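Read through the structure below, which is laid out as structure tokens, and then see the notes.
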Amino acid sequence: MENRQLLEQHLQEIQVWEKDQKDLWFWEKLGRIPFKLLDKMTPTFIQNKIALLVDELGNYIQSGGKYLINEQAMIQKIRNHSSTEHILGISDIGQIPLEDMITLSDKLQNERVKFATVQGASTGFGGIFTLAIDIPVILGTALKTLQEIAIIHGYDPNDKMERIFIVKCLQFTSADIVGKEAILQELSTMNSTNKATDNMISQLQGWQEVFYTYRDQMGWKKLFQMIPIAGMIFGAYANKGMIQDVAETGIMLYRKRRIYEKLNELDR
């Protein structure tokens with residue numbers, strides 16, 4: 001059984017993190033400005049490719065599509081690195097110690113950030129023409145990372161509600177102060193009623209809103225990635241920061257859910 005004092009201590013750390021997130025809005029807004037220029041400079045074939053990607057990602061909420069990960073491989077990975085025996089499925093993972101979840105999450109974040117850094121550098125080498133490859137790959141990496149974080153905390157990304165939660169994590173990463181507060185409020189009631197979940201589905205307004213907001217959040221970083229060769233540096237930096245933010249958001253918001261569930265179990 002988990003120690004209540006330790007759980008509440010971790011919960012306080014998450015609450016401090018949430019408060020800190022609200023202080024980032026100015027820099028986030030500043031970073032979005034150059035993309036108004038980038039849209040005018042981007043060739044039509046890249047714009048068309050991005051439009052196709054938006055349509056493709058639109059299927060994620062409903063079915064998961066090709067973005068759903070191999071859950072059995074992830075369960076085996078958790079089984080190998082957890083102190084808990086007899087982990088047969090995702091539901092069993094929710095019972096492992098929080099400290100195991102933290103260790104696994106930190107390890108996953110480091111792995112994904114390294115991958116994104118290398119990937120950003122390689123696509124940055126070709127400038128604007130490889131930028132068309134970089135955007136769908138980095139968004140796919142973000143989705144994969146958040147699904148793995150969900151499983152680490154004992155939640156099934158095959159579930160439609162979890163896919164909504166994952167979209168909300170993406171939105172939170174790129175939202176301003178008002179948006180962050182609204183998303184936190186929505187997520188706090190997510191598990192209480194089906195109506196809350198239905199409201200969030202209607203508020204998403206499709207993947208296009210998420211995609212363009214997410215892309216804008218990269219701002220000047222991606223603008224400089226358009227420069228051949230020099231784009232390697234900016235591409236590596238942009239992708240590293242993006243996946244680091246996404247992973248951190250997913251870890252904190254999923255950890256918060258799991259802590260509340262563990263505290264509720266102690267009260268029974």
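FYI, nothing fancy with the structure tokens labels: chains A, B, ... in order, residues from 1 per chain, ligands from 1 as they appear.
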Inset, instruction - For range 85-90 of chain A, work out the shell of residues within 7 Å, counting only C-alpha atoms and skipping chain neighbours fewer than 4 positions away, then give it as a count of residues only. - result: 6
Inset, instruction - Looking only at alpha helix (DSSP H) from DSSP on the backbone, list the matching residues of range 56-96 of chain A as a PyMOL selection string. - result: chain A and resi 56-63+71-81+90-93
For the selection just defined, write its residues with C-alpha atoms to a file, as a PDB file, in the first residue's frame.
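Output below, filename selection_31.pdb:
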```pdb
ATOM      1  CA  GLU A  56      -4.976  11.733 -41.158  1.00  0.00           C
ATOM      2  CA  LEU A  57      -4.622  12.823 -37.541  1.00  0.00           C
ATOM      3  CA  GLY A  58      -8.348  13.483 -37.472  1.00  0.00           C
ATOM      4  CA  ASN A  59      -8.864   9.710 -37.281  1.00  0.00           C
ATOM      5  CA  TYR A  60      -6.810   9.414 -34.093  1.00  0.00           C
ATOM      6  CA  ILE A  61      -9.601  10.476 -31.732  1.00  0.00           C
ATOM      7  CA  GLN A  62     -12.065   8.011 -33.242  1.00  0.00           C
ATOM      8  CA  SER A  63      -9.916   4.934 -33.862  1.00  0.00           C
ATOM      9  CA  GLU A  71       0.998  -2.087 -25.878  1.00  0.00           C
ATOM     10  CA  GLN A  72       2.353  -5.589 -25.216  1.00  0.00           C
ATOM     11  CA  ALA A  73       5.921  -4.448 -25.889  1.00  0.00           C
ATOM     12  CA  MET A  74       5.423  -1.543 -23.497  1.00  0.00           C
ATOM     13  CA  ILE A  75       3.916  -3.796 -20.815  1.00  0.00           C
ATOM     14  CA  GLN A  76       6.914  -6.127 -21.092  1.00  0.00           C
ATOM     15  CA  LYS A  77       9.262  -3.165 -20.726  1.00  0.00           C
ATOM     16  CA  ILE A  78       7.447  -2.063 -17.563  1.00  0.00           C
ATOM     17  CA  ARG A  79       7.444  -5.633 -16.263  1.00  0.00           C
ATOM     18  CA  ASN A  80      11.222  -5.784 -16.666  1.00  0.00           C
ATOM     19  CA  HIS A  81      11.854  -2.523 -14.787  1.00  0.00           C
ATOM     20  CA  ILE A  90      -2.435  -2.365 -18.355  1.00  0.00           C
ATOM     21  CA  SER A  91      -4.902  -2.513 -15.451  1.00  0.00           C
ATOM     22  CA  ASP A  92      -2.236  -4.231 -13.312  1.00  0.00           C
ATOM     23  CA  ILE A  93       0.246  -1.421 -13.992  1.00  0.00           C
TER      24      ILE A  93
END
```
